[in-house]
file final-v6.txt (compact mmCIF, C-alpha atoms and all ligand atoms)
# COMPACT_ATOMS: atom_id res chain seq x y z
CA MET B 1 -10.05 43.47 -5.76
CA SER B 2 -12.86 43.45 -8.30
CA ARG B 3 -15.40 40.71 -8.88
CA ILE B 4 -17.32 39.90 -12.06
CA GLY B 5 -20.71 38.21 -12.40
CA PHE B 6 -22.91 36.94 -15.19
CA GLY B 7 -26.66 36.37 -15.18
CA SER B 8 -29.13 35.07 -17.72
CA ASP B 9 -32.86 34.38 -17.65
CA ILE B 10 -35.74 33.44 -19.93
CA HIS B 11 -39.51 33.54 -19.48
CA ARG B 12 -42.31 32.33 -21.71
CA LEU B 13 -44.58 35.01 -23.18
CA VAL B 14 -48.30 34.46 -22.66
CA SER B 15 -51.46 36.54 -22.94
CA GLY B 16 -53.14 37.82 -19.79
CA ARG B 17 -49.92 38.65 -17.92
CA PRO B 18 -48.23 42.04 -17.52
CA LEU B 19 -44.88 42.63 -19.17
CA ILE B 20 -42.51 44.12 -16.61
CA ILE B 21 -38.90 44.75 -17.59
CA GLY B 22 -36.43 46.27 -15.16
CA GLY B 23 -39.29 47.35 -12.92
CA VAL B 24 -41.06 49.20 -15.74
CA GLN B 25 -44.46 48.04 -17.00
CA ILE B 26 -44.46 47.86 -20.80
CA ASP B 27 -47.66 48.08 -22.85
CA SER B 28 -47.81 44.74 -24.68
CA ASP B 29 -50.33 42.10 -25.84
CA LEU B 30 -48.12 39.42 -24.28
CA GLY B 31 -46.65 39.25 -20.78
CA ALA B 32 -44.05 37.11 -19.06
CA HIS B 33 -45.15 33.88 -17.38
CA GLY B 34 -43.60 33.16 -13.99
CA HIS B 35 -44.05 32.71 -10.26
CA SER B 36 -43.05 36.24 -9.27
CA ASP B 37 -43.77 39.28 -11.45
CA ALA B 38 -41.53 37.46 -14.01
CA ASP B 39 -39.25 40.46 -14.56
CA VAL B 40 -36.64 38.76 -16.73
CA LEU B 41 -34.13 41.62 -16.58
CA LEU B 42 -34.23 41.99 -12.79
CA HIS B 43 -33.76 38.22 -12.51
CA ALA B 44 -30.70 38.30 -14.80
CA VAL B 45 -29.23 41.28 -12.93
CA THR B 46 -29.88 39.64 -9.54
CA ASP B 47 -28.22 36.42 -10.72
CA ALA B 48 -25.23 38.39 -12.05
CA LEU B 49 -24.85 40.16 -8.71
CA LEU B 50 -25.19 36.94 -6.69
CA GLY B 51 -22.73 35.29 -9.09
CA ALA B 52 -20.18 38.06 -8.57
CA LEU B 53 -20.48 37.46 -4.83
CA ALA B 54 -20.38 33.64 -5.25
CA GLN B 55 -23.65 33.54 -3.31
CA GLY B 56 -25.61 31.06 -5.41
CA ASP B 57 -28.50 32.22 -7.55
CA ILE B 58 -31.95 33.71 -7.24
CA GLY B 59 -33.52 30.26 -6.71
CA THR B 60 -31.17 29.58 -3.78
CA HIS B 61 -32.49 32.56 -1.88
CA PHE B 62 -36.05 32.79 -3.24
CA PRO B 63 -37.26 29.27 -4.17
CA PRO B 64 -40.26 29.33 -6.55
CA SER B 65 -41.82 26.64 -4.33
CA ASP B 66 -42.17 29.29 -1.61
CA GLU B 67 -45.63 30.85 -1.73
CA ARG B 68 -44.24 34.10 -0.27
CA TRP B 69 -42.75 34.97 -3.66
CA ARG B 70 -45.88 34.42 -5.75
CA ASN B 71 -46.35 37.61 -7.81
CA ALA B 72 -43.57 39.24 -5.76
CA GLU B 73 -42.04 42.40 -7.18
CA SER B 74 -38.63 41.26 -8.39
CA VAL B 75 -36.97 44.45 -7.16
CA VAL B 76 -37.18 42.77 -3.71
CA PHE B 77 -34.76 40.09 -5.00
CA LEU B 78 -32.38 42.67 -6.44
CA ARG B 79 -32.40 44.82 -3.30
CA PHE B 80 -31.65 41.70 -1.23
CA ALA B 81 -28.64 40.90 -3.43
CA ALA B 82 -27.53 44.55 -3.25
CA GLY B 83 -27.63 44.23 0.55
CA LEU B 84 -25.30 41.20 0.39
CA MET B 85 -23.00 43.22 -1.87
CA LYS B 86 -22.87 46.07 0.63
CA GLU B 87 -22.18 43.68 3.53
CA ALA B 88 -19.29 42.24 1.53
CA GLY B 89 -17.88 45.76 1.06
CA TYR B 90 -18.50 46.14 -2.67
CA THR B 91 -20.24 48.59 -4.98
CA VAL B 92 -21.20 48.32 -8.66
CA ALA B 93 -18.41 49.56 -10.93
CA ASN B 94 -20.64 49.04 -13.95
CA LEU B 95 -23.31 46.77 -15.35
CA ASP B 96 -24.13 45.88 -18.95
CA SER B 97 -27.26 44.03 -20.03
CA THR B 98 -29.27 43.02 -23.07
CA VAL B 99 -32.99 42.27 -23.25
CA HIS B 100 -34.03 40.02 -26.13
CA LEU B 101 -37.63 40.68 -27.16
CA GLU B 102 -39.32 40.65 -30.56
CA LYS B 103 -41.80 43.43 -29.78
CA PRO B 104 -42.58 46.07 -28.73
CA LYS B 105 -39.46 48.14 -29.29
CA LEU B 106 -37.93 48.96 -25.90
CA ARG B 107 -36.02 52.09 -26.87
CA PRO B 108 -38.62 54.49 -25.34
CA PHE B 109 -38.32 52.67 -21.99
CA ILE B 110 -34.55 52.18 -21.76
CA ASP B 111 -33.70 55.26 -19.71
CA GLU B 112 -36.47 54.60 -17.18
CA ILE B 113 -35.27 50.98 -16.84
CA ARG B 114 -31.68 52.20 -16.30
CA HIS B 115 -32.93 54.59 -13.64
CA GLN B 116 -34.83 51.79 -11.86
CA LEU B 117 -31.73 49.54 -11.82
CA ALA B 118 -29.49 52.38 -10.63
CA ASP B 119 -31.96 53.17 -7.84
CA ALA B 120 -32.08 49.56 -6.61
CA LEU B 121 -28.27 49.26 -6.76
CA GLU B 122 -27.70 52.74 -5.26
CA VAL B 123 -25.34 53.93 -8.01
CA GLU B 124 -25.40 56.59 -10.72
CA THR B 125 -27.34 55.79 -13.89
CA THR B 126 -24.14 56.33 -15.92
CA ARG B 127 -22.87 52.99 -14.57
CA ILE B 128 -25.88 51.09 -15.91
CA SER B 129 -26.26 49.97 -19.52
CA VAL B 130 -29.42 48.37 -20.90
CA LYS B 131 -29.61 47.32 -24.53
CA ALA B 132 -32.44 45.71 -26.49
CA LYS B 133 -32.37 43.30 -29.39
CA THR B 134 -35.01 41.47 -31.39
CA GLY B 135 -34.76 37.81 -32.38
CA GLU B 136 -34.91 38.59 -36.11
CA GLY B 137 -37.92 36.31 -36.46
CA VAL B 138 -36.00 33.17 -35.46
CA ASP B 139 -35.74 31.13 -32.23
CA ALA B 140 -38.20 31.44 -29.33
CA VAL B 141 -37.56 35.19 -28.96
CA GLY B 142 -38.01 35.84 -32.67
CA LYS B 143 -41.28 33.91 -32.67
CA SER B 144 -42.54 35.97 -29.66
CA GLU B 145 -42.69 32.83 -27.52
CA ALA B 146 -40.14 34.08 -24.98
CA ILE B 147 -38.27 37.03 -23.54
CA ARG B 148 -34.64 36.64 -22.50
CA ALA B 149 -32.11 38.81 -20.68
CA ASP B 150 -28.36 38.66 -20.13
CA CYS B 151 -26.29 40.72 -17.73
CA VAL B 152 -22.66 41.13 -16.75
CA ILE B 153 -21.72 43.11 -13.67
CA LEU B 154 -18.40 44.31 -12.31
CA LEU B 155 -18.09 45.01 -8.60
CA ALA B 156 -15.39 47.18 -7.06
CA GLU B 157 -14.28 47.21 -3.43
CA LYS B 158 -15.78 50.19 -1.65
CA LYS B 159 -13.06 52.46 -0.27
MG MG F 201 -36.81 34.38 -13.96
call {"tool": "encode", "arguments": {"input": "final-v6.txt", "output": "structure tokens", "more": "lines below"}}
Ligand code: MG
result
Amino acid sequence: MSRIGFGSDIHRLVSGRPLIIGGVQIDSDLGAHGHSDADVLLHAVTDALLGALAQGDIGTHFPPSDERWRNAESVVFLRFAAGLMKEAGYTVANLDSTVHLEKPKLRPFIDEIRHQLADALEVETTRISVKAKTGEGVDAVGKSEAIRADCVILLAEKK
């Protein structure tokens, strides 16, 4: 059997915070506001994975009210979800994602981000797709007020 999951996340952009996307620090005037390291892509991927497993969402397992997760590296959340996946006997068939950000352009960072996701999920990078889009000057992304990420993931039973 295969299982599919979808995840989505948004964070406000503010000055004085780092911008971390898929575990990669991006040079930017604005960073993502949030309780953890506010890595919008890792949050969307973690939610997609938990969704595929029907195991709630990131807030179920890591409530923002819990001081332990203040400034936490979000790869901890993804590795936890990957552990649940392994326990359930699944592996990642493939993953597709989009990061919505007005600037900077993410193209130079895409392969490193794919590598980081593949590493956390313990699969080949060829199974991981990361795309980037701007907001074309409209909505919160286009006005550089927010960064958003969407992810779909397909799990396959491990033989
Ligand atoms: Mg988030």
call {"tool": "residues_near_ligand", "arguments": {"input": "final-v6.txt", "ligand": "ligand MG 201 (chain F)", "cutoff": "6 Å", "atoms": "only C-alpha atoms and all ligand atoms", "output": "PDB file with C-alpha atoms, in the coordinates of the input"}}
result
ATOM      1  CA  ASP B   9     -32.860  34.380 -17.650  1.00  0.00           C
ATOM      2  CA  ALA B  38     -41.530  37.460 -14.010  1.00  0.00           C
ATOM      3  CA  VAL B  40     -36.640  38.760 -16.730  1.00  0.00           C
ATOM      4  CA  HIS B  43     -33.760  38.220 -12.510  1.00  0.00           C
TER       5      HIS B  43
END
call {"tool": "closest_residue", "arguments": {"input": "final-v6.txt", "among": "B:Pro18, B:Gly142, B:Pro64, B:Gly137", "to": "Asp39 of chain B", "atoms": "all atoms listed in the file"}}
result
B:Pro18
call {"tool": "closest_residue", "arguments": {"input": "final-v6.txt", "among": "B:Pro63, B:Pro108, B:Gly22, B:Gly51", "to": "Leu84 of chain B", "atoms": "only C-alpha atoms"}}
result
B:Gly51
call {"tool": "closest_residue", "arguments": {"input": "final-v6.txt", "among": "B:Lys103, B:Arg70, B:Arg114, B:Arg79", "to": "Ala146 of chain B", "atoms": "only C-alpha atoms"}}
result
B:Lys103
call {"tool": "residues_around", "arguments": {"input": "final-v6.txt", "residues": "segment 93-101 of chain B", "least_positions_apart": "4", "cutoff": "8 Å", "atoms": "all atoms listed in the file", "output": "MDAnalysis selection string"}}
result
chainID B and resid 41 45 105 127:135 141:142 144 146:156
call {"tool": "atom_distance", "arguments": {"input": "final-v6.txt", "atom1": "atom CA of Ile26 of chain B", "atom2": "atom CA of Asp57 of chain B"}}
result
26.0 Å
call {"tool": "closest_residue", "arguments": {"input": "final-v6.txt", "among": "B:Asp27, B:Glu87, B:Asp119, B:Asp111", "to": "Lys158 of chain B", "atoms": "only C-alpha atoms"}}
result
B:Glu87
call {"tool": "build_atoms", "arguments": {"input": "final-v6.txt", "residues": "segment 113-124 of chain B", "atoms": "all heavy atoms", "output": "PDB file, in the coordinates of the input"}}
result
ATOM      1  N   ILE B 113     -35.762  52.267 -17.360  1.00  0.00           N
ATOM      2  CA  ILE B 113     -35.270  50.980 -16.840  1.00  0.00           C
ATOM      3  C   ILE B 113     -33.894  51.178 -16.197  1.00  0.00           C
ATOM      4  O   ILE B 113     -33.639  50.675 -15.095  1.00  0.00           O
ATOM      5  CB  ILE B 113     -35.214  49.922 -17.970  1.00  0.00           C
ATOM      6  CG1 ILE B 113     -36.628  49.576 -18.440  1.00  0.00           C
ATOM      7  CG2 ILE B 113     -34.470  48.671 -17.516  1.00  0.00           C
ATOM      8  CD1 ILE B 113     -36.684  48.720 -19.713  1.00  0.00           C
ATOM      9  N   ARG B 114     -33.014  51.927 -16.864  1.00  0.00           N
ATOM     10  CA  ARG B 114     -31.680  52.200 -16.300  1.00  0.00           C
ATOM     11  C   ARG B 114     -31.798  52.892 -14.956  1.00  0.00           C
ATOM     12  O   ARG B 114     -31.086  52.579 -13.999  1.00  0.00           O
ATOM     13  CB  ARG B 114     -30.863  53.074 -17.252  1.00  0.00           C
ATOM     14  CG  ARG B 114     -30.444  52.359 -18.528  1.00  0.00           C
ATOM     15  CD  ARG B 114     -29.767  53.323 -19.473  1.00  0.00           C
ATOM     16  NE  ARG B 114     -28.510  53.834 -18.946  1.00  0.00           N
ATOM     17  CZ  ARG B 114     -28.069  55.079 -19.132  1.00  0.00           C
ATOM     18  NH1 ARG B 114     -28.786  55.963 -19.816  1.00  0.00           N
ATOM     19  NH2 ARG B 114     -26.916  55.461 -18.631  1.00  0.00           N
ATOM     20  N   HIS B 115     -32.730  53.846 -14.891  1.00  0.00           N
ATOM     21  CA  HIS B 115     -32.930  54.590 -13.640  1.00  0.00           C
ATOM     22  C   HIS B 115     -33.406  53.653 -12.521  1.00  0.00           C
ATOM     23  O   HIS B 115     -32.931  53.744 -11.389  1.00  0.00           O
ATOM     24  CB  HIS B 115     -33.940  55.713 -13.888  1.00  0.00           C
ATOM     25  CG  HIS B 115     -34.273  56.486 -12.662  1.00  0.00           C
ATOM     26  ND1 HIS B 115     -33.412  57.429 -12.132  1.00  0.00           N
ATOM     27  CD2 HIS B 115     -35.339  56.424 -11.825  1.00  0.00           C
ATOM     28  CE1 HIS B 115     -33.953  57.922 -11.028  1.00  0.00           C
ATOM     29  NE2 HIS B 115     -35.114  57.334 -10.811  1.00  0.00           N
ATOM     30  N   GLN B 116     -34.314  52.741 -12.862  1.00  0.00           N
ATOM     31  CA  GLN B 116     -34.830  51.790 -11.860  1.00  0.00           C
ATOM     32  C   GLN B 116     -33.696  50.889 -11.325  1.00  0.00           C
ATOM     33  O   GLN B 116     -33.611  50.638 -10.122  1.00  0.00           O
ATOM     34  CB  GLN B 116     -35.924  50.916 -12.470  1.00  0.00           C
ATOM     35  CG  GLN B 116     -37.197  51.658 -12.836  1.00  0.00           C
ATOM     36  CD  GLN B 116     -38.000  52.080 -11.622  1.00  0.00           C
ATOM     37  OE1 GLN B 116     -37.990  51.396 -10.599  1.00  0.00           O
ATOM     38  NE2 GLN B 116     -38.670  53.207 -11.713  1.00  0.00           N
ATOM     39  N   LEU B 117     -32.847  50.402 -12.238  1.00  0.00           N
ATOM     40  CA  LEU B 117     -31.730  49.540 -11.820  1.00  0.00           C
ATOM     41  C   LEU B 117     -30.749  50.319 -10.955  1.00  0.00           C
ATOM     42  O   LEU B 117     -30.283  49.827  -9.922  1.00  0.00           O
ATOM     43  CB  LEU B 117     -31.009  48.964 -13.048  1.00  0.00           C
ATOM     44  CG  LEU B 117     -31.785  47.951 -13.905  1.00  0.00           C
ATOM     45  CD1 LEU B 117     -30.953  47.552 -15.117  1.00  0.00           C
ATOM     46  CD2 LEU B 117     -32.153  46.723 -13.086  1.00  0.00           C
ATOM     47  N   ALA B 118     -30.434  51.542 -11.377  1.00  0.00           N
ATOM     48  CA  ALA B 118     -29.490  52.380 -10.630  1.00  0.00           C
ATOM     49  C   ALA B 118     -30.021  52.649  -9.226  1.00  0.00           C
ATOM     50  O   ALA B 118     -29.274  52.627  -8.238  1.00  0.00           O
ATOM     51  CB  ALA B 118     -29.250  53.686 -11.382  1.00  0.00           C
ATOM     52  N   ASP B 119     -31.326  52.886  -9.132  1.00  0.00           N
ATOM     53  CA  ASP B 119     -31.960  53.170  -7.840  1.00  0.00           C
ATOM     54  C   ASP B 119     -31.837  51.954  -6.909  1.00  0.00           C
ATOM     55  O   ASP B 119     -31.452  52.093  -5.744  1.00  0.00           O
ATOM     56  CB  ASP B 119     -33.426  53.536  -8.101  1.00  0.00           C
ATOM     57  CG  ASP B 119     -34.092  54.069  -6.856  1.00  0.00           C
ATOM     58  OD1 ASP B 119     -33.545  55.028  -6.273  1.00  0.00           O
ATOM     59  OD2 ASP B 119     -35.131  53.518  -6.450  1.00  0.00           O
ATOM     60  N   ALA B 120     -32.134  50.765  -7.434  1.00  0.00           N
ATOM     61  CA  ALA B 120     -32.080  49.560  -6.610  1.00  0.00           C
ATOM     62  C   ALA B 120     -30.642  49.250  -6.176  1.00  0.00           C
ATOM     63  O   ALA B 120     -30.408  48.723  -5.086  1.00  0.00           O
ATOM     64  CB  ALA B 120     -32.664  48.364  -7.361  1.00  0.00           C
ATOM     65  N   LEU B 121     -29.676  49.578  -7.042  1.00  0.00           N
ATOM     66  CA  LEU B 121     -28.270  49.260  -6.760  1.00  0.00           C
ATOM     67  C   LEU B 121     -27.545  50.415  -6.074  1.00  0.00           C
ATOM     68  O   LEU B 121     -26.373  50.282  -5.708  1.00  0.00           O
ATOM     69  CB  LEU B 121     -27.554  48.879  -8.059  1.00  0.00           C
ATOM     70  CG  LEU B 121     -28.056  47.581  -8.704  1.00  0.00           C
ATOM     71  CD1 LEU B 121     -27.539  47.437 -10.126  1.00  0.00           C
ATOM     72  CD2 LEU B 121     -27.660  46.374  -7.862  1.00  0.00           C
ATOM     73  N   GLU B 122     -28.245  51.543  -5.936  1.00  0.00           N
ATOM     74  CA  GLU B 122     -27.700  52.740  -5.260  1.00  0.00           C
ATOM     75  C   GLU B 122     -26.417  53.235  -5.914  1.00  0.00           C
ATOM     76  O   GLU B 122     -25.406  53.479  -5.235  1.00  0.00           O
ATOM     77  CB  GLU B 122     -27.500  52.464  -3.759  1.00  0.00           C
ATOM     78  CG  GLU B 122     -28.819  52.124  -3.060  1.00  0.00           C
ATOM     79  CD  GLU B 122     -28.646  51.818  -1.578  1.00  0.00           C
ATOM     80  OE1 GLU B 122     -27.737  52.386  -0.942  1.00  0.00           O
ATOM     81  OE2 GLU B 122     -29.425  51.000  -1.066  1.00  0.00           O
ATOM     82  N   VAL B 123     -26.456  53.335  -7.250  1.00  0.00           N
ATOM     83  CA  VAL B 123     -25.340  53.930  -8.010  1.00  0.00           C
ATOM     84  C   VAL B 123     -25.893  54.902  -9.053  1.00  0.00           C
ATOM     85  O   VAL B 123     -27.100  54.934  -9.307  1.00  0.00           O
ATOM     86  CB  VAL B 123     -24.477  52.863  -8.728  1.00  0.00           C
ATOM     87  CG1 VAL B 123     -23.700  52.024  -7.742  1.00  0.00           C
ATOM     88  CG2 VAL B 123     -25.323  51.998  -9.649  1.00  0.00           C
ATOM     89  N   GLU B 124     -24.982  55.663  -9.678  1.00  0.00           N
ATOM     90  CA  GLU B 124     -25.400  56.590 -10.720  1.00  0.00           C
ATOM     91  C   GLU B 124     -25.864  55.829 -11.957  1.00  0.00           C
ATOM     92  O   GLU B 124     -25.320  54.764 -12.272  1.00  0.00           O
ATOM     93  CB  GLU B 124     -24.248  57.524 -11.142  1.00  0.00           C
ATOM     94  CG  GLU B 124     -23.566  58.247 -10.016  1.00  0.00           C
ATOM     95  CD  GLU B 124     -22.370  57.453  -9.468  1.00  0.00           C
ATOM     96  OE1 GLU B 124     -22.452  56.203  -9.398  1.00  0.00           O
ATOM     97  OE2 GLU B 124     -21.375  58.100  -9.112  1.00  0.00           O
TER      98      GLU B 124
END
